[in-house]
Amino acid sequence: MTPLLSVQNLRVGFPTRSGLFQAVRGVSFDLGRERLGVVGESGSGKSMTGRAILGLVRPPGRVTADRLDLDGEPILNLPESRMRRLRGARISMVMQDPKFSLNPVMTVGRQIAEGYRLHTGTSRAQARAKALEMLAAVQIHDPERVFDAYPHEVSGGMGQRVMIAMMLAPDPQVLIADEPTSALDVSVRNEVLRILDRLVSARGMGLIFISHDLNLVAQFCDRVLIMYAGRVVEELPARDLHAAKHPYTQGLLDSLPRLDRPVERLATLQRQAGWRDAPEEGTP
Amino acid sequence: MLTVEDLDVWFGHAPERVDAVKSASFAVRQGESFGLVGESGSGKSTILRAVAGLVDTWSGRIKVGGETVAGRHRSRGFHKTVQMVFQDPYASLHPRHSVDRVLSETLHLQGMVGIDARITRLLDQVGLGRGFRFRYPHQLSGGQRQRVAIARALAAEPKLLLLDEPTSALDVSVQAEILNLLCDIRAERGLTYVMVSHDLAVVAHMCDRLAVMRQGRIVEDMDAAGLRAGRAQGDYARKLIAASTRYVREA
């Protein structure tokens with residue numbers, strides 16, 4: 001079976017005064033109908049990987065890959081006009097903070113409906129109906145009221161649900177969620193995750209869940225890639241994350257304070273130069 | 001060391017008045033480490049700001065080391081006793097002041113002598129070393145900036161440190177280093193900490209006792225062992241602990 005998304009040797013580079021800076025250095029993975037977690041610290045290239053897949057890396061940044069296929073179809077460096085037709089309709093992204101992703105001077109309902117019409121060409125009335133249906137699908141209890149609300153009138157958790165509703169309205173095959181719950185309180189976070197979870201399973205989507213939170217990814221995802229300095233250093237089933245082999249992954253896990261395991265001192269991570277260039281595990 | 005009684009903090013005027021903190025009371029003994037936890041908007045940071053004198057619309061009683069404070073005015077002695085470390089190390093340092101200037105200005109204001117030697121000692125203490133003395137914030141990583149902020153707070157040789165989410169803007173590996181540093185400093189100097197955090201595991205690691213806040217009120221007092229064991233009296237604290245420990249997938 002063709003994977004929903006197939007990435008082989010993805011590289012993202014930015015020219016700087018001191019030469020080419022490689023933010024992503026040869027990332028490879030296949031995504032099926034699953035929840036794939038991508039974990040790493042700031043600067044590990046996890047977000048840049050997501051942006052590169054969506055064709056959102058702006059020049060002078062350069063993206064290369066041996067393969068970047070969406071459902072068997074190459075999408076690497078497509079002309080912007082063709083990428084625009086794919087983006088949103090077949091592959092979509094939810095960002096960290098709804099405050100910066102929603103248009104502040106347009107009601108949320110109009111934003112959802114407009115995005116949907118752009119990709120499907122339906123009538124206004126149909127788009128409105130779809131937007132209301134999506135708002136209900138993300139557990140918003142009074143969709144009619146929220147439809148007419150402006151982004152500043154909704155809470156952070158509500159805003160993130162609106163973003164998910166907007167991104168999922170055209171029924172994409174692949175959703176990339178970049179730290180979708182990091183700006184949210186824990187109680188709201190779990191609700192948003194549950195909605196995401198339910199929609200992904202119900203629609204058979206592939207989800208790439210980018211996060212810095214190892215414990216969350218271990219609980220939420222099926223499979224995890226751990227990134228360090230632009231590379232995937234380890235890949236493993238999420239439930240086995242706590243039995244990770246790579247010293248970087250182990251180091252990250254150990255440095256986290258945990259409620260169920262009191263320690264006198266937290267372990268700190270001793271970074272080793274070799275990690276930058278170590279051969280990737282789990283990828284050919 | 002710190003006593004807060006019946007503290008109310010509000011912003012704005014009626015009818016738009018927001019009551020950020022409602023009749024909060026707690027006491028922190030000398031040498032103790034006390035945590036304030038809760039979700040955003042629960043008023044935990046506002047309590048710290050009221051203690052530090054950054055808000056003047058409050059009522060109730062705040063006593064620091066036996067001295068009762070009022071409004072926004074704080075005596076010179078107060079700042080020698082109490083210092084604060086903020087959440088965002090990218091925002092809390094002046095972008096055009098070098099580390100040297102940040103520290104020497106603070107030391108000068110505190111009327112310290114032997115400033116030069118003190119700066120070197122402070123930098124060593126926070127694990128930066130002398131090489132960082134003439135750097136500017138943009139030449140430092142987030143963790144290094146937070147170390148500078150801690151050095152600045154220590155410059156006055158305070159007894160009480162107010163820590164407002166000191167590691168939530170940092171990566172987990174850097175967070176571990178900063179938390180270890182804070183533990184070491186507290187042990188060395190016998191400091192008292194009041195730490196605000198939304199991360200229960202961080203608070204359990206750092207604090208002896210804590211208060212859980214919700215919508216401006218303290219809804220639960222507990223100790224770290226109780227937090228780890230999930231022994232909460234009230235519904236809200238129990239739910240909060242459950243929600244932050246795990247995400248349970250639907251069957």
# chains A, B, ... in the order shown; residues from 1 in each chain; ligands from 1
call {"tool": "closest_atom_pairs", "arguments": {"of": "chain A", "to": "chain B", "cutoff": "6 Å", "atoms": "only C-alpha atoms", "output": "CSV"}}
result
residue,atom,partner,partner_atom,distance
A:Glu41,CA,B:Asp171,CA,6.0
A:Asp185,CA,B:Glu39,CA,5.8
A:Val186,CA,B:Ser244,CA,5.8
A:Ser187,CA,B:Ala243,CA,5.8
A:Ser255,CA,B:Ala176,CA,5.5
A:Pro257,CA,B:Ala201,CA,5.6
A:Arg258,CA,B:Ala201,CA,5.2
A:Leu259,CA,B:Ala201,CA,4.9
A:Leu266,CA,B:Ala176,CA,5.7
A:Thr268,CA,B:Ala176,CA,6.0
A:Leu269,CA,B:Ser173,CA,5.9
call {"tool": "closest_residue", "arguments": {"among": "B:Ile119, B:Leu54, B:Val69, B:Ala149", "to": "B:Ala91", "atoms": "only C-alpha atoms"}}
result
B:Ala149
call {"tool": "select_by_dssp", "arguments": {"residues": "stretch 63-215 of chain B", "states": "strand (DSSP E or B)", "output": "VMD selection string"}}
result
chain B and resid 63 to 64 67 to 70 73 82 to 85 160 to 164 192 to 197 209 to 214
call {"tool": "write_last_selection", "arguments": {"atoms": "C-alpha atoms", "output": "PDB file, in the first residue's frame"}}
result
ATOM      1  CA  LYS B  63       4.398  40.804  55.766  1.00  0.00           C
ATOM      2  CA  VAL B  64       7.940  40.094  54.634  1.00  0.00           C
ATOM      3  CA  GLU B  67       7.984  44.157  57.873  1.00  0.00           C
ATOM      4  CA  THR B  68       4.456  45.012  56.729  1.00  0.00           C
ATOM      5  CA  VAL B  69       4.361  46.499  53.242  1.00  0.00           C
ATOM      6  CA  ALA B  70       1.782  48.793  51.682  1.00  0.00           C
ATOM      7  CA  HIS B  73       6.102  51.406  47.867  1.00  0.00           C
ATOM      8  CA  VAL B  82      13.259  40.025  48.253  1.00  0.00           C
ATOM      9  CA  GLN B  83      14.185  39.556  44.596  1.00  0.00           C
ATOM     10  CA  MET B  84      12.264  38.177  41.670  1.00  0.00           C
ATOM     11  CA  VAL B  85      13.115  36.002  38.641  1.00  0.00           C
ATOM     12  CA  LEU B 160      13.515  35.397  49.665  1.00  0.00           C
ATOM     13  CA  LEU B 161      13.380  34.672  45.926  1.00  0.00           C
ATOM     14  CA  LEU B 162      10.121  34.997  44.018  1.00  0.00           C
ATOM     15  CA  LEU B 163      10.311  32.681  41.006  1.00  0.00           C
ATOM     16  CA  ASP B 164       7.677  33.218  38.329  1.00  0.00           C
ATOM     17  CA  THR B 192      13.353  30.886  50.952  1.00  0.00           C
ATOM     18  CA  TYR B 193      11.581  30.337  47.637  1.00  0.00           C
ATOM     19  CA  VAL B 194       8.096  31.094  46.446  1.00  0.00           C
ATOM     20  CA  MET B 195       7.716  29.501  43.038  1.00  0.00           C
ATOM     21  CA  VAL B 196       4.867  29.877  40.588  1.00  0.00           C
ATOM     22  CA  SER B 197       4.442  27.168  37.988  1.00  0.00           C
ATOM     23  CA  ARG B 209       4.464  22.713  50.267  1.00  0.00           C
ATOM     24  CA  LEU B 210       2.133  24.248  47.724  1.00  0.00           C
ATOM     25  CA  ALA B 211      -1.189  25.956  47.226  1.00  0.00           C
ATOM     26  CA  VAL B 212      -3.502  25.143  44.320  1.00  0.00           C
ATOM     27  CA  MET B 213      -5.277  28.173  42.887  1.00  0.00           C
ATOM     28  CA  ARG B 214      -8.402  28.448  40.824  1.00  0.00           C
TER      29      ARG B 214
END
call {"tool": "residues_around", "arguments": {"residues": "A:Leu184", "least_positions_apart": "3", "cutoff": "9 Å", "atoms": "only C-alpha atoms", "output": "ChimeraX atom specification"}}
result
/A:97,156-157,160,180-181,187-189 /B:40
call {"tool": "write_last_selection", "arguments": {"atoms": "N, CA, C and O atoms", "output": "mmCIF file, in the first residue's frame"}}
result
data_model
loop_
_atom_site.group_PDB
_atom_site.id
_atom_site.type_symbol
_atom_site.label_atom_id
_atom_site.label_comp_id
_atom_site.auth_asym_id
_atom_site.auth_seq_id
_atom_site.Cartn_x
_atom_site.Cartn_y
_atom_site.Cartn_z
ATOM 1 N N ASP A 97 -0.263 28.536 18.217
ATOM 2 C CA ASP A 97 -1.047 29.548 18.908
ATOM 3 C C ASP A 97 -2.156 30.119 18.025
ATOM 4 O O ASP A 97 -1.879 30.821 17.063
ATOM 5 N N GLY A 156 -8.442 30.564 24.434
ATOM 6 C CA GLY A 156 -7.356 29.870 23.745
ATOM 7 C C GLY A 156 -7.746 28.466 23.303
ATOM 8 O O GLY A 156 -7.500 28.067 22.167
ATOM 9 N N GLY A 157 -8.387 27.736 24.193
ATOM 10 C CA GLY A 157 -8.779 26.368 23.872
ATOM 11 C C GLY A 157 -9.829 26.347 22.769
ATOM 12 O O GLY A 157 -9.780 25.531 21.847
ATOM 13 N N GLN A 160 -8.185 27.133 19.443
ATOM 14 C CA GLN A 160 -7.473 26.000 18.869
ATOM 15 C C GLN A 160 -8.463 25.017 18.263
ATOM 16 O O GLN A 160 -8.201 24.413 17.227
ATOM 17 N N PRO A 180 0.268 21.707 18.925
ATOM 18 C CA PRO A 180 -1.090 22.254 18.925
ATOM 19 C C PRO A 180 -1.627 22.541 20.320
ATOM 20 O O PRO A 180 -2.590 23.282 20.463
ATOM 21 N N THR A 181 -1.021 21.972 21.350
ATOM 22 C CA THR A 181 -1.593 22.166 22.684
ATOM 23 C C THR A 181 -0.631 22.836 23.655
ATOM 24 O O THR A 181 -0.943 22.969 24.832
ATOM 25 N N SER A 187 -6.198 21.073 31.396
ATOM 26 C CA SER A 187 -7.551 20.528 31.283
ATOM 27 C C SER A 187 -8.068 20.714 29.855
ATOM 28 O O SER A 187 -8.695 19.820 29.286
ATOM 29 N N VAL A 188 -7.784 21.870 29.279
ATOM 30 C CA VAL A 188 -8.212 22.149 27.906
ATOM 31 C C VAL A 188 -7.403 21.302 26.929
ATOM 32 O O VAL A 188 -7.907 20.805 25.935
ATOM 33 N N ARG A 189 -6.130 21.124 27.254
ATOM 34 C CA ARG A 189 -5.237 20.360 26.400
ATOM 35 C C ARG A 189 -5.786 18.964 26.122
ATOM 36 O O ARG A 189 -5.873 18.531 24.984
ATOM 37 N N SER B 40 -3.802 29.044 33.711
ATOM 38 C CA SER B 40 -3.616 30.462 33.389
ATOM 39 C C SER B 40 -4.834 31.251 33.863
ATOM 40 O O SER B 40 -5.965 30.795 33.767
#
call {"tool": "closest_residue", "arguments": {"among": "A:Leu10, A:Leu214, A:Val94, A:Ala65", "to": "A:Leu256", "atoms": "only C-alpha atoms"}}
result
A:Leu214
call {"tool": "residues_around", "arguments": {"residues": "A:Pro3", "least_positions_apart": "2", "cutoff": "10 Å", "atoms": "only C-alpha atoms", "output": "PyMOL selection string"}}
result
chain A and resi 1+5-7+29-33+69-72+206
call {"tool": "select_by_dssp", "arguments": {"residues": "stretch 186-260 of chain A", "states": "alpha helix (DSSP H)", "output": "ChimeraX atom specification"}}
result
/A:186-203,214-220,247-255
call {"tool": "write_last_selection", "arguments": {"atoms": "N, CA and C atoms", "output": "mmCIF file, in the first residue's frame"}}
result
data_model
loop_
_atom_site.group_PDB
_atom_site.id
_atom_site.type_symbol
_atom_site.label_atom_id
_atom_site.label_comp_id
_atom_site.auth_asym_id
_atom_site.auth_seq_id
_atom_site.Cartn_x
_atom_site.Cartn_y
_atom_site.Cartn_z
ATOM 1 N N VAL A 186 -3.689 22.450 30.986
ATOM 2 C CA VAL A 186 -3.801 20.983 30.917
ATOM 3 C C VAL A 186 -5.225 20.475 30.716
ATOM 4 N N SER A 187 -6.198 21.073 31.396
ATOM 5 C CA SER A 187 -7.551 20.528 31.283
ATOM 6 C C SER A 187 -8.068 20.714 29.855
ATOM 7 N N VAL A 188 -7.784 21.870 29.279
ATOM 8 C CA VAL A 188 -8.212 22.149 27.906
ATOM 9 C C VAL A 188 -7.403 21.302 26.929
ATOM 10 N N ARG A 189 -6.130 21.124 27.254
ATOM 11 C CA ARG A 189 -5.237 20.360 26.400
ATOM 12 C C ARG A 189 -5.786 18.964 26.122
ATOM 13 N N ASN A 190 -6.200 18.286 27.183
ATOM 14 C CA ASN A 190 -6.694 16.930 27.003
ATOM 15 C C ASN A 190 -7.958 16.887 26.155
ATOM 16 N N GLU A 191 -8.794 17.917 26.292
ATOM 17 C CA GLU A 191 -10.000 17.977 25.469
ATOM 18 C C GLU A 191 -9.647 18.122 23.997
ATOM 19 N N VAL A 192 -8.718 19.033 23.707
ATOM 20 C CA VAL A 192 -8.318 19.266 22.319
ATOM 21 C C VAL A 192 -7.682 18.003 21.736
ATOM 22 N N LEU A 193 -6.862 17.331 22.535
ATOM 23 C CA LEU A 193 -6.236 16.091 22.062
ATOM 24 C C LEU A 193 -7.284 15.040 21.738
ATOM 25 N N ARG A 194 -8.292 14.950 22.605
ATOM 26 C CA ARG A 194 -9.320 13.947 22.397
ATOM 27 C C ARG A 194 -10.068 14.192 21.090
ATOM 28 N N ILE A 195 -10.336 15.486 20.823
ATOM 29 C CA ILE A 195 -11.025 15.847 19.574
ATOM 30 C C ILE A 195 -10.172 15.463 18.374
ATOM 31 N N LEU A 196 -8.907 15.800 18.453
ATOM 32 C CA LEU A 196 -7.969 15.507 17.366
ATOM 33 C C LEU A 196 -7.909 13.995 17.139
ATOM 34 N N ASP A 197 -7.793 13.287 18.239
ATOM 35 C CA ASP A 197 -7.720 11.838 18.235
ATOM 36 C C ASP A 197 -8.931 11.223 17.530
ATOM 37 N N ARG A 198 -10.100 11.697 17.949
ATOM 38 C CA ARG A 198 -11.351 11.150 17.431
ATOM 39 C C ARG A 198 -11.486 11.413 15.934
ATOM 40 N N LEU A 199 -11.156 12.654 15.528
ATOM 41 C CA LEU A 199 -11.296 13.000 14.118
ATOM 42 C C LEU A 199 -10.316 12.220 13.261
ATOM 43 N N VAL A 200 -9.105 12.063 13.767
ATOM 44 C CA VAL A 200 -8.097 11.335 13.000
ATOM 45 C C VAL A 200 -8.524 9.881 12.810
ATOM 46 N N SER A 201 -9.010 9.246 13.876
ATOM 47 C CA SER A 201 -9.402 7.839 13.713
ATOM 48 C C SER A 201 -10.648 7.712 12.844
ATOM 49 N N ALA A 202 -11.610 8.628 13.031
ATOM 50 C CA ALA A 202 -12.864 8.516 12.283
ATOM 51 C C ALA A 202 -12.635 8.712 10.786
ATOM 52 N N ARG A 203 -11.696 9.583 10.435
ATOM 53 C CA ARG A 203 -11.521 9.902 9.018
ATOM 54 C C ARG A 203 -10.370 9.161 8.375
ATOM 55 N N LEU A 214 7.766 14.874 25.643
ATOM 56 C CA LEU A 214 7.942 13.444 25.410
ATOM 57 C C LEU A 214 6.834 12.609 26.017
ATOM 58 N N ASN A 215 6.447 12.962 27.236
ATOM 59 C CA ASN A 215 5.432 12.144 27.898
ATOM 60 C C ASN A 215 4.110 12.203 27.164
ATOM 61 N N LEU A 216 3.768 13.389 26.712
ATOM 62 C CA LEU A 216 2.522 13.553 25.981
ATOM 63 C C LEU A 216 2.544 12.712 24.706
ATOM 64 N N VAL A 217 3.639 12.796 23.967
ATOM 65 C CA VAL A 217 3.760 12.058 22.714
ATOM 66 C C VAL A 217 3.692 10.555 22.975
ATOM 67 N N ALA A 218 4.342 10.117 24.057
ATOM 68 C CA ALA A 218 4.327 8.688 24.387
ATOM 69 C C ALA A 218 2.898 8.207 24.604
ATOM 70 N N GLN A 219 2.056 9.085 25.177
ATOM 71 C CA GLN A 219 0.689 8.672 25.479
ATOM 72 C C GLN A 219 -0.251 8.853 24.294
ATOM 73 N N PHE A 220 0.035 9.826 23.455
ATOM 74 C CA PHE A 220 -0.914 10.192 22.410
ATOM 75 C C PHE A 220 -0.649 9.511 21.071
ATOM 76 N N PRO A 247 21.229 7.556 23.599
ATOM 77 C CA PRO A 247 21.537 8.325 24.815
ATOM 78 C C PRO A 247 20.856 9.697 24.854
ATOM 79 N N TYR A 248 20.601 10.285 23.693
ATOM 80 C CA TYR A 248 19.926 11.589 23.689
ATOM 81 C C TYR A 248 18.490 11.439 24.198
ATOM 82 N N THR A 249 17.779 10.442 23.664
ATOM 83 C CA THR A 249 16.403 10.209 24.097
ATOM 84 C C THR A 249 16.369 9.875 25.582
ATOM 85 N N GLN A 250 17.279 9.009 26.009
ATOM 86 C CA GLN A 250 17.338 8.650 27.434
ATOM 87 C C GLN A 250 17.616 9.884 28.280
ATOM 88 N N GLY A 251 18.553 10.717 27.794
ATOM 89 C CA GLY A 251 18.924 11.925 28.524
ATOM 90 C C GLY A 251 17.739 12.866 28.682
ATOM 91 N N LEU A 252 16.976 13.023 27.607
ATOM 92 C CA LEU A 252 15.806 13.897 27.660
ATOM 93 C C LEU A 252 14.800 13.371 28.677
ATOM 94 N N LEU A 253 14.560 12.065 28.637
ATOM 95 C CA LEU A 253 13.587 11.477 29.554
ATOM 96 C C LEU A 253 14.033 11.639 31.002
ATOM 97 N N ASP A 254 15.332 11.444 31.219
ATOM 98 C CA ASP A 254 15.838 11.523 32.593
ATOM 99 C C ASP A 254 15.830 12.939 33.146
ATOM 100 N N SER A 255 15.914 13.935 32.239
ATOM 101 C CA SER A 255 16.009 15.310 32.732
ATOM 102 C C SER A 255 14.642 15.860 33.147
#
call {"tool": "atom_distance", "arguments": {"atom1": "atom CA of A:Ser28", "atom2": "atom CA of A:Arg231"}}
result
9.0 Å
call {"tool": "residues_around", "arguments": {"residues": "stretch 94-111 of chain B", "least_positions_apart": "2", "cutoff": "8 Å", "atoms": "only C-alpha atoms", "output": "PyMOL selection string"}}
result
chain B and resi 80+91-92+113+115-116+119+132-138+148+151-152+155-156
call {"tool": "closest_residue", "arguments": {"among": "A:Ala23, A:Met167, A:Arg276, A:Gln8", "to": "A:Met95", "atoms": "only C-alpha atoms"}}
result
A:Met167
call {"tool": "decode", "arguments": {"residues": "stretch 211-222 of chain A", "atoms": "all heavy atoms", "output": "compact mmCIF listing (two decimals), in the first residue's frame"}}
result
# COMPACT_ATOMS: atom_id res chain seq x y z
N SER A 211 6.07 17.97 18.75
CA SER A 211 5.97 18.40 20.14
C SER A 211 7.32 18.31 20.85
O SER A 211 8.19 17.55 20.45
CB SER A 211 4.95 17.53 20.87
OG SER A 211 4.91 17.86 22.23
N HIS A 212 7.47 19.10 21.91
CA HIS A 212 8.67 18.97 22.72
C HIS A 212 8.39 18.09 23.94
O HIS A 212 9.26 17.80 24.72
CB HIS A 212 9.14 20.34 23.18
CG HIS A 212 8.18 20.96 24.15
ND1 HIS A 212 7.01 21.55 23.74
CD2 HIS A 212 8.18 21.00 25.49
CE1 HIS A 212 6.35 21.95 24.79
NE2 HIS A 212 7.02 21.64 25.88
N ASP A 213 7.12 17.70 24.08
CA ASP A 213 6.70 17.03 25.31
C ASP A 213 6.72 15.52 25.14
O ASP A 213 5.80 14.92 24.57
CB ASP A 213 5.29 17.52 25.65
CG ASP A 213 4.82 17.04 27.02
OD1 ASP A 213 5.33 16.00 27.49
OD2 ASP A 213 3.95 17.69 27.60
N LEU A 214 7.77 14.87 25.64
CA LEU A 214 7.94 13.44 25.41
C LEU A 214 6.83 12.61 26.02
O LEU A 214 6.35 11.66 25.41
CB LEU A 214 9.27 12.98 26.00
CG LEU A 214 10.51 13.37 25.22
CD1 LEU A 214 11.16 14.55 25.87
CD2 LEU A 214 11.46 12.22 25.16
N ASN A 215 6.45 12.96 27.24
CA ASN A 215 5.43 12.14 27.90
C ASN A 215 4.11 12.20 27.16
O ASN A 215 3.42 11.20 27.01
CB ASN A 215 5.25 12.61 29.34
CG ASN A 215 6.41 12.16 30.19
OD1 ASN A 215 6.93 11.07 30.00
ND2 ASN A 215 6.85 13.02 31.08
N LEU A 216 3.77 13.39 26.71
CA LEU A 216 2.52 13.55 25.98
C LEU A 216 2.54 12.71 24.71
O LEU A 216 1.60 12.00 24.40
CB LEU A 216 2.33 15.03 25.65
CG LEU A 216 1.06 15.36 24.88
CD1 LEU A 216 -0.15 15.00 25.71
CD2 LEU A 216 1.04 16.83 24.50
N VAL A 217 3.64 12.80 23.97
CA VAL A 217 3.76 12.06 22.71
C VAL A 217 3.69 10.55 22.98
O VAL A 217 3.03 9.81 22.26
CB VAL A 217 5.06 12.46 21.99
CG1 VAL A 217 5.38 11.49 20.88
CG2 VAL A 217 4.93 13.87 21.44
N ALA A 218 4.34 10.12 24.06
CA ALA A 218 4.33 8.69 24.39
C ALA A 218 2.90 8.21 24.60
O ALA A 218 2.55 7.08 24.26
CB ALA A 218 5.17 8.43 25.63
N GLN A 219 2.06 9.09 25.18
CA GLN A 219 0.69 8.67 25.48
C GLN A 219 -0.25 8.85 24.29
O GLN A 219 -1.22 8.12 24.15
CB GLN A 219 0.17 9.47 26.68
CG GLN A 219 0.87 9.06 27.95
CD GLN A 219 0.60 10.03 29.08
OE1 GLN A 219 -0.01 11.07 28.90
NE2 GLN A 219 1.08 9.68 30.26
N PHE A 220 0.03 9.83 23.45
CA PHE A 220 -0.91 10.19 22.41
C PHE A 220 -0.65 9.51 21.07
O PHE A 220 -1.58 9.23 20.32
CB PHE A 220 -0.90 11.71 22.23
CG PHE A 220 -1.88 12.21 21.23
CD1 PHE A 220 -3.23 12.21 21.51
CD2 PHE A 220 -1.46 12.68 19.99
CE1 PHE A 220 -4.14 12.66 20.57
CE2 PHE A 220 -2.37 13.13 19.06
CZ PHE A 220 -3.72 13.12 19.35
N CYS A 221 0.62 9.26 20.75
CA CYS A 221 0.96 8.82 19.39
C CYS A 221 1.13 7.30 19.29
O CYS A 221 1.16 6.59 20.28
CB CYS A 221 2.23 9.51 18.92
SG CYS A 221 1.99 11.27 18.72
N ASP A 222 1.23 6.82 18.03
CA ASP A 222 1.49 5.41 17.79
C ASP A 222 2.99 5.17 17.66
O ASP A 222 3.51 4.16 18.10
CB ASP A 222 0.82 4.96 16.49
CG ASP A 222 -0.69 5.22 16.53
OD1 ASP A 222 -1.34 4.76 17.47
OD2 ASP A 222 -1.18 5.91 15.62
